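Have a look at the structure below before the remarks.
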Amino acid sequence: MFPWSPEFVWDAGHVIFFGAFYSVLAAIAGGLGLAAWRAFRDARDGRLAAVAWHAEFEELPRSARACRHQLTGEAPDRVCEKGFDCRGCGEHAALEKLRPRPAAVAGRFGFDLSLDRFYHRGHTWARPEVDGTVSVGLDDVARRLVGTPDAVVLPPPGTRLETNAPAIRLRTRGVEVRLLSPVDGTVVATSGEGAGFTLRVDPGGPVDVRHLLYGREAQVWALRELERLQGAFGAAGAGMALADGGELVDDVGAVLPRERYDALLGEMLLEP
C-alpha cells in the first residue's frame, strides 16, 4: 500500500520502510551524479585518454606490467600499479635515491639501442632537443616488429599529445595498432615515412622524463623484449628471431605465424 492510497496510514513500519527506500534511491542518484560530474570534469580537462589508458593497463598480463625496478633487480617481484607513469609514484622516488649508477654500455644487442634518448615501454622513444622541443619516434625493435606498414597516420601539427595516450596509428598486414605517446606536448612538425617517422613535440616547458627508461635500465628492458621475441619464435616453431650475424630479423611478421604475430603486436605495443 502506498502513501497516495486512501487506506494508507502512516505508522512506524511505514516510516522505516520508506525512509530506507528513499535513502537507497538518494544514494544511487548521488552516485550517478558524482560519476557524471567526474566524466564531465575529465572531458573538460582533457583527461579522458589518461582514464582510458589506466583502465586498459589493468587488462595487460602481469608479465607486461613489470615495474622498472624489477627490470634492474632492485624490486624483483614488483608490478607497476601506476600505468608506467612513475611521476606520481613515491616508491619510485625512494628507490631512485638508493640506486647505484653503473655506466651504460654503448653497443648493439641484435638491434639498435641509441643511448641519447629515453624509452617508453610501448616502444616509442623521446629525445630532448637543444631548442626545447622533443623528438619522438619508434624504436628499432618495434620497427622490425611492424615491418613495412600498409599505412601510418601521424598527428598533424597542433595536436595535443598526452603521455600513455594513443599518438600514432598504423596498419600492418591488415592489423591496426596504436602507438602510445612517451611525453606530454603539442606536435609542431612531423617527418619521415612509414615506421621511420619522427614527431617534433613542444612540451610547453621543461620536459618530464621520470617515467621513461634510460641508459642501463633501458638496456635491461630491451634485452628482455628480445627474449620475449625469441620465446614467441620458439613457441611458434619458427626458429630463432635472430638472423645470421646476431641481428634481429628485419620483418618479424614475415616469419611468425599470423595468429602469433597478431598477439605479439598487442603485447609488445601495449595494446590490451
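By convention in this document, the chains of the C-alpha cells carry letters A, B, ... by their order, each chain's residues are numbered from 1, and ligands are numbered from 1 in the order they are shown.
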**Message:** Report as JSON, numbers by chain all protein, DNA and RNA residues lying within 12 Å of stretch 112-115 of chain A, evaluated on only C-alpha atoms, omitting residues in the same chain fewer than 2 positions from it.
**Reply:** {"A": [103, 104, 105, 106, 107, 108, 109, 110, 117, 118, 119, 123, 124, 125, 126, 127, 137, 138, 139, 140, 141, 142, 143, 144, 213, 214, 215, 216, 217, 218, 219, 220, 221, 222, 223, 226, 247, 248, 250]}
Can I get the selected residues back with N, CA and C atoms, as an mmCIF file, in the first residue's frame?
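For reference, result02.cif as written:
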data_model
loop_
_atom_site.group_PDB
_atom_site.id
_atom_site.type_symbol
_atom_site.label_atom_id
_atom_site.label_comp_id
_atom_site.auth_asym_id
_atom_site.auth_seq_id
_atom_site.Cartn_x
_atom_site.Cartn_y
_atom_site.Cartn_z
ATOM 1 N N ALA A 103 77.536 2.645 -15.310
ATOM 2 C CA ALA A 103 77.540 3.255 -16.638
ATOM 3 C C ALA A 103 76.868 2.332 -17.639
ATOM 4 N N ALA A 104 76.092 2.916 -18.525
ATOM 5 C CA ALA A 104 75.505 2.148 -19.613
ATOM 6 C C ALA A 104 76.576 1.869 -20.656
ATOM 7 N N VAL A 105 76.491 0.717 -21.264
ATOM 8 C CA VAL A 105 77.491 0.307 -22.249
ATOM 9 C C VAL A 105 76.906 0.471 -23.640
ATOM 10 N N ALA A 106 77.526 1.322 -24.438
ATOM 11 C CA ALA A 106 77.051 1.509 -25.800
ATOM 12 C C ALA A 106 77.334 0.251 -26.617
ATOM 13 N N GLY A 107 76.496 0.007 -27.586
ATOM 14 C CA GLY A 107 76.717 -1.160 -28.444
ATOM 15 C C GLY A 107 75.426 -1.646 -29.032
ATOM 16 N N ARG A 108 75.496 -2.800 -29.686
ATOM 17 C CA ARG A 108 74.321 -3.370 -30.332
ATOM 18 C C ARG A 108 73.921 -4.643 -29.606
ATOM 19 N N PHE A 109 72.640 -4.911 -29.602
ATOM 20 C CA PHE A 109 72.101 -6.053 -28.889
ATOM 21 C C PHE A 109 71.220 -6.886 -29.809
ATOM 22 N N GLY A 110 71.591 -6.940 -31.094
ATOM 23 C CA GLY A 110 70.754 -7.586 -32.086
ATOM 24 C C GLY A 110 69.804 -6.586 -32.719
ATOM 25 N N ARG A 117 68.581 8.862 -25.907
ATOM 26 C CA ARG A 117 67.136 9.077 -25.811
ATOM 27 C C ARG A 117 66.525 8.251 -24.692
ATOM 28 N N PHE A 118 65.282 8.540 -24.385
ATOM 29 C CA PHE A 118 64.542 7.868 -23.328
ATOM 30 C C PHE A 118 63.478 6.976 -23.974
ATOM 31 N N TYR A 119 63.215 5.827 -23.344
ATOM 32 C CA TYR A 119 62.348 4.825 -23.970
ATOM 33 C C TYR A 119 61.060 4.598 -23.178
ATOM 34 N N HIS A 123 57.416 1.017 -26.770
ATOM 35 C CA HIS A 123 58.407 1.027 -27.859
ATOM 36 C C HIS A 123 58.431 2.300 -28.685
ATOM 37 N N THR A 124 58.050 3.427 -28.077
ATOM 38 C CA THR A 124 58.367 4.721 -28.654
ATOM 39 C C THR A 124 59.498 5.323 -27.829
ATOM 40 N N TRP A 125 60.186 6.300 -28.400
ATOM 41 C CA TRP A 125 61.264 6.961 -27.675
ATOM 42 C C TRP A 125 61.086 8.473 -27.715
ATOM 43 N N ALA A 126 61.758 9.159 -26.793
ATOM 44 C CA ALA A 126 61.725 10.613 -26.718
ATOM 45 C C ALA A 126 63.150 11.123 -26.547
ATOM 46 N N ARG A 127 63.504 12.143 -27.321
ATOM 47 C CA ARG A 127 64.848 12.727 -27.218
ATOM 48 C C ARG A 127 64.730 14.247 -27.113
ATOM 49 N N GLY A 137 59.907 9.026 -31.742
ATOM 50 C CA GLY A 137 59.918 8.062 -32.834
ATOM 51 C C GLY A 137 59.642 6.657 -32.335
ATOM 52 N N LEU A 138 59.777 5.710 -33.233
ATOM 53 C CA LEU A 138 59.528 4.293 -32.948
ATOM 54 C C LEU A 138 60.872 3.594 -32.824
ATOM 55 N N ASP A 139 61.070 2.818 -31.756
ATOM 56 C CA ASP A 139 62.380 2.202 -31.568
ATOM 57 C C ASP A 139 62.611 1.051 -32.548
ATOM 58 N N ASP A 140 63.848 0.560 -32.576
ATOM 59 C CA ASP A 140 64.249 -0.398 -33.609
ATOM 60 C C ASP A 140 63.548 -1.741 -33.448
ATOM 61 N N VAL A 141 63.279 -2.150 -32.217
ATOM 62 C CA VAL A 141 62.564 -3.415 -32.015
ATOM 63 C C VAL A 141 61.172 -3.322 -32.640
ATOM 64 N N ALA A 142 60.460 -2.227 -32.361
ATOM 65 C CA ALA A 142 59.107 -2.069 -32.907
ATOM 66 C C ALA A 142 59.136 -1.896 -34.422
ATOM 67 N N ARG A 143 60.137 -1.215 -34.941
ATOM 68 C CA ARG A 143 60.233 -1.037 -36.393
ATOM 69 C C ARG A 143 60.385 -2.387 -37.092
ATOM 70 N N ARG A 144 61.141 -3.270 -36.497
ATOM 71 C CA ARG A 144 61.288 -4.604 -37.080
ATOM 72 C C ARG A 144 60.033 -5.444 -36.838
ATOM 73 N N LEU A 213 62.480 5.070 -19.558
ATOM 74 C CA LEU A 213 63.678 4.280 -19.267
ATOM 75 C C LEU A 213 64.886 4.878 -19.985
ATOM 76 N N TYR A 214 66.041 4.801 -19.314
ATOM 77 C CA TYR A 214 67.234 5.421 -19.872
ATOM 78 C C TYR A 214 68.470 4.617 -19.469
ATOM 79 N N GLY A 215 69.484 4.633 -20.345
ATOM 80 C CA GLY A 215 70.767 4.032 -20.020
ATOM 81 C C GLY A 215 70.684 2.546 -19.729
ATOM 82 N N ARG A 216 71.294 2.150 -18.616
ATOM 83 C CA ARG A 216 71.368 0.742 -18.246
ATOM 84 C C ARG A 216 69.982 0.132 -18.079
ATOM 85 N N GLU A 217 69.067 0.913 -17.527
ATOM 86 C CA GLU A 217 67.699 0.456 -17.318
ATOM 87 C C GLU A 217 67.042 0.116 -18.662
ATOM 88 N N ALA A 218 67.247 0.975 -19.657
ATOM 89 C CA ALA A 218 66.696 0.729 -20.989
ATOM 90 C C ALA A 218 67.322 -0.509 -21.624
ATOM 91 N N GLN A 219 68.596 -0.720 -21.384
ATOM 92 C CA GLN A 219 69.268 -1.895 -21.940
ATOM 93 C C GLN A 219 68.673 -3.190 -21.390
ATOM 94 N N VAL A 220 68.471 -3.235 -20.083
ATOM 95 C CA VAL A 220 67.911 -4.440 -19.464
ATOM 96 C C VAL A 220 66.511 -4.712 -20.020
ATOM 97 N N TRP A 221 65.714 -3.673 -20.119
ATOM 98 C CA TRP A 221 64.357 -3.820 -20.666
ATOM 99 C C TRP A 221 64.390 -4.299 -22.113
ATOM 100 N N ALA A 222 65.237 -3.695 -22.934
ATOM 101 C CA ALA A 222 65.288 -4.058 -24.346
ATOM 102 C C ALA A 222 65.734 -5.506 -24.533
ATOM 103 N N LEU A 223 66.674 -5.950 -23.715
ATOM 104 C CA LEU A 223 67.109 -7.344 -23.806
ATOM 105 C C LEU A 223 65.991 -8.294 -23.380
ATOM 106 N N LEU A 226 63.764 -8.608 -26.301
ATOM 107 C CA LEU A 226 64.333 -9.519 -27.298
ATOM 108 C C LEU A 226 64.111 -10.969 -26.883
ATOM 109 N N GLU A 247 71.714 -10.389 -35.694
ATOM 110 C CA GLU A 247 70.787 -9.272 -35.857
ATOM 111 C C GLU A 247 69.348 -9.767 -35.833
ATOM 112 N N LEU A 248 68.482 -8.991 -35.179
ATOM 113 C CA LEU A 248 67.056 -9.289 -35.214
ATOM 114 C C LEU A 248 66.565 -9.179 -36.651
ATOM 115 N N ASP A 250 64.642 -8.332 -39.991
ATOM 116 C CA ASP A 250 64.103 -7.025 -40.370
ATOM 117 C C ASP A 250 62.581 -6.967 -40.303
#
Find the residues of stretch 49-162 of chain A that sit at most 8 Å from stretch 194-198 of chain A; for each, write down the nearest two atoms and how far apart they are in Å, to one decimal. Count only C-alpha atoms. Sort by chain, then by number going up, and give it as a tab-separated table.
residue	atom	partner	partner_atom	distance
A:Ser135	CA	A:Thr198	CA	6.5
A:Val136	CA	A:Thr198	CA	5.6
A:Gly137	CA	A:Thr198	CA	4.8
A:Leu138	CA	A:Ala195	CA	6.8
A:Arg143	CA	A:Ala195	CA	5.8
A:Val146	CA	A:Ala195	CA	7.6
A:Gly147	CA	A:Ala195	CA	7.6
A:Thr148	CA	A:Gly194	CA	6.7
A:Pro149	CA	A:Gly194	CA	6.1
A:Ala151	CA	A:Gly194	CA	7.1
A:Val152	CA	A:Gly194	CA	6.0
**Asked** What is the atom CA of A:Leu212-atom CA of A:Glu271 distance in Å, reported with one decimal?
**Response**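 Computing it gives 18.1 Å between the two atoms.
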**Request:** Might you pull out every residue within 12 Å of A:Pro155, with only C-alpha atoms counted and same-chain residues fewer than 5 positions away left off, and present them as a ChimeraX atom specification?
**Result:** /A:136,160-161,166-170,178-181,185-191,197-201
Only C-alpha atoms, please: the residues just picked out, written as a PDB file, in the first residue's frame.
ATOM      1  CA  VAL A 136      59.538  11.215 -30.769  1.00  0.00           C
ATOM      2  CA  ARG A 160      47.952  17.813 -28.184  1.00  0.00           C
ATOM      3  CA  LEU A 161      49.651  14.595 -27.040  1.00  0.00           C
ATOM      4  CA  PRO A 166      47.460   6.920 -28.498  1.00  0.00           C
ATOM      5  CA  ALA A 167      49.587   9.229 -30.640  1.00  0.00           C
ATOM      6  CA  ILE A 168      50.175   7.369 -33.910  1.00  0.00           C
ATOM      7  CA  ARG A 169      48.084   4.740 -35.633  1.00  0.00           C
ATOM      8  CA  LEU A 170      49.389   2.328 -38.221  1.00  0.00           C
ATOM      9  CA  ARG A 178      48.222   2.321 -31.964  1.00  0.00           C
ATOM     10  CA  LEU A 179      51.465   3.692 -30.621  1.00  0.00           C
ATOM     11  CA  LEU A 180      51.459   5.495 -27.278  1.00  0.00           C
ATOM     12  CA  SER A 181      52.965   8.906 -26.714  1.00  0.00           C
ATOM     13  CA  GLY A 185      53.107  18.215 -25.516  1.00  0.00           C
ATOM     14  CA  THR A 186      51.888  19.710 -28.776  1.00  0.00           C
ATOM     15  CA  VAL A 187      53.014  18.414 -32.159  1.00  0.00           C
ATOM     16  CA  VAL A 188      54.844  21.121 -34.093  1.00  0.00           C
ATOM     17  CA  ALA A 189      56.183  19.080 -37.038  1.00  0.00           C
ATOM     18  CA  THR A 190      56.309  15.573 -38.493  1.00  0.00           C
ATOM     19  CA  SER A 191      58.842  13.963 -40.821  1.00  0.00           C
ATOM     20  CA  PHE A 197      58.594   8.668 -38.805  1.00  0.00           C
ATOM     21  CA  THR A 198      59.624  11.363 -36.330  1.00  0.00           C
ATOM     22  CA  LEU A 199      57.419  13.804 -34.460  1.00  0.00           C
ATOM     23  CA  ARG A 200      58.693  17.087 -33.069  1.00  0.00           C
ATOM     24  CA  VAL A 201      56.788  17.967 -29.896  1.00  0.00           C
TER      25      VAL A 201
END
**Length of the atom CA of A:Tyr261 to atom CA of A:Ala232 vector [Å]** = 8.6 Å
Taking the backbone alone, and naming residues the way the document does, which bits of stretch 127-223 of chain A are alpha helix (DSSP H) by DSSP, as a PDB file with C-alpha atoms, in the first residue's frame?
ATOM      1  CA  ASP A 140      64.249  -0.398 -33.609  1.00  0.00           C
ATOM      2  CA  VAL A 141      62.564  -3.415 -32.015  1.00  0.00           C
ATOM      3  CA  ALA A 142      59.107  -2.069 -32.907  1.00  0.00           C
ATOM      4  CA  ARG A 143      60.233  -1.037 -36.393  1.00  0.00           C
ATOM      5  CA  ARG A 144      61.288  -4.604 -37.080  1.00  0.00           C
ATOM      6  CA  LEU A 145      58.095  -5.867 -35.462  1.00  0.00           C
ATOM      7  CA  VAL A 146      55.800  -3.845 -37.742  1.00  0.00           C
ATOM      8  CA  ARG A 216      71.368   0.742 -18.246  1.00  0.00           C
ATOM      9  CA  GLU A 217      67.699   0.456 -17.318  1.00  0.00           C
ATOM     10  CA  ALA A 218      66.696   0.729 -20.989  1.00  0.00           C
ATOM     11  CA  GLN A 219      69.268  -1.895 -21.940  1.00  0.00           C
ATOM     12  CA  VAL A 220      67.911  -4.440 -19.464  1.00  0.00           C
ATOM     13  CA  TRP A 221      64.357  -3.820 -20.666  1.00  0.00           C
ATOM     14  CA  ALA A 222      65.288  -4.058 -24.346  1.00  0.00           C
ATOM     15  CA  LEU A 223      67.109  -7.344 -23.806  1.00  0.00           C
TER      16      LEU A 223
END
**Atomic separation - atom CA of A:Arg68 relative to atom CA of A:Phe84, Å** = 8.4 Å
**Top pick for closest residue to A:Phe111, considering A:Met268, A:Ala66, A:Cys80, A:Val249 and counting only C-alpha atoms** =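 Of the candidates, the smallest distance to A:Phe111 is held by A:Val249.
For the residues A:His211, A:Ala20, A:Arg65, A:Leu265, ranking by smallest atom-to-atom distance to A:Ala93 using only C-alpha atoms places A:His211 first.
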**Message:** If we count only C-alpha atoms and set the cut-off at 9 Å, which residues sit around stretch 55-62 of chain A, ignoring sequence neighbours fewer than 5 positions away in its own chain? Please answer as JSON, numbers by chain.
**Reply:** {"A": [50, 79, 80, 81, 82, 83, 84, 267, 270, 271, 272]}
**Message:** Counting only C-alpha atoms, which residue out of A:Ala75, A:Leu256, A:Ala52, A:Ala27 sits closest to A:Ala165?
**Reply:** A:Ala52
**Close residues, A:Asp77 itself excluded, 10 Å, only C-alpha atoms, min 6 positions apart in chain, as a PyMOL selection string** = chain A and resi 66-67+69-71
Suppose we keep N, CA and C atoms; can you now write the selection as a PDB file, in the first residue's frame?
ATOM      1  N   ALA A  66      55.671  -5.207 -15.513  1.00  0.00           N
ATOM      2  CA  ALA A  66      56.798  -5.230 -14.582  1.00  0.00           C
ATOM      3  C   ALA A  66      57.246  -3.811 -14.254  1.00  0.00           C
ATOM      4  N   CYS A  67      57.436  -3.542 -12.972  1.00  0.00           N
ATOM      5  CA  CYS A  67      57.974  -2.261 -12.527  1.00  0.00           C
ATOM      6  C   CYS A  67      59.387  -2.094 -13.078  1.00  0.00           C
ATOM      7  N   HIS A  69      61.879  -1.081 -11.588  1.00  0.00           N
ATOM      8  CA  HIS A  69      62.839  -1.527 -10.580  1.00  0.00           C
ATOM      9  C   HIS A  69      62.894  -3.050 -10.499  1.00  0.00           C
ATOM     10  N   GLN A  70      61.900  -3.717 -11.077  1.00  0.00           N
ATOM     11  CA  GLN A  70      62.011  -5.166 -11.236  1.00  0.00           C
ATOM     12  C   GLN A  70      63.003  -5.487 -12.339  1.00  0.00           C
ATOM     13  N   LEU A  71      63.028  -4.662 -13.384  1.00  0.00           N
ATOM     14  CA  LEU A  71      63.938  -4.905 -14.507  1.00  0.00           C
ATOM     15  C   LEU A  71      65.398  -4.931 -14.052  1.00  0.00           C
TER      16      LEU A  71
END
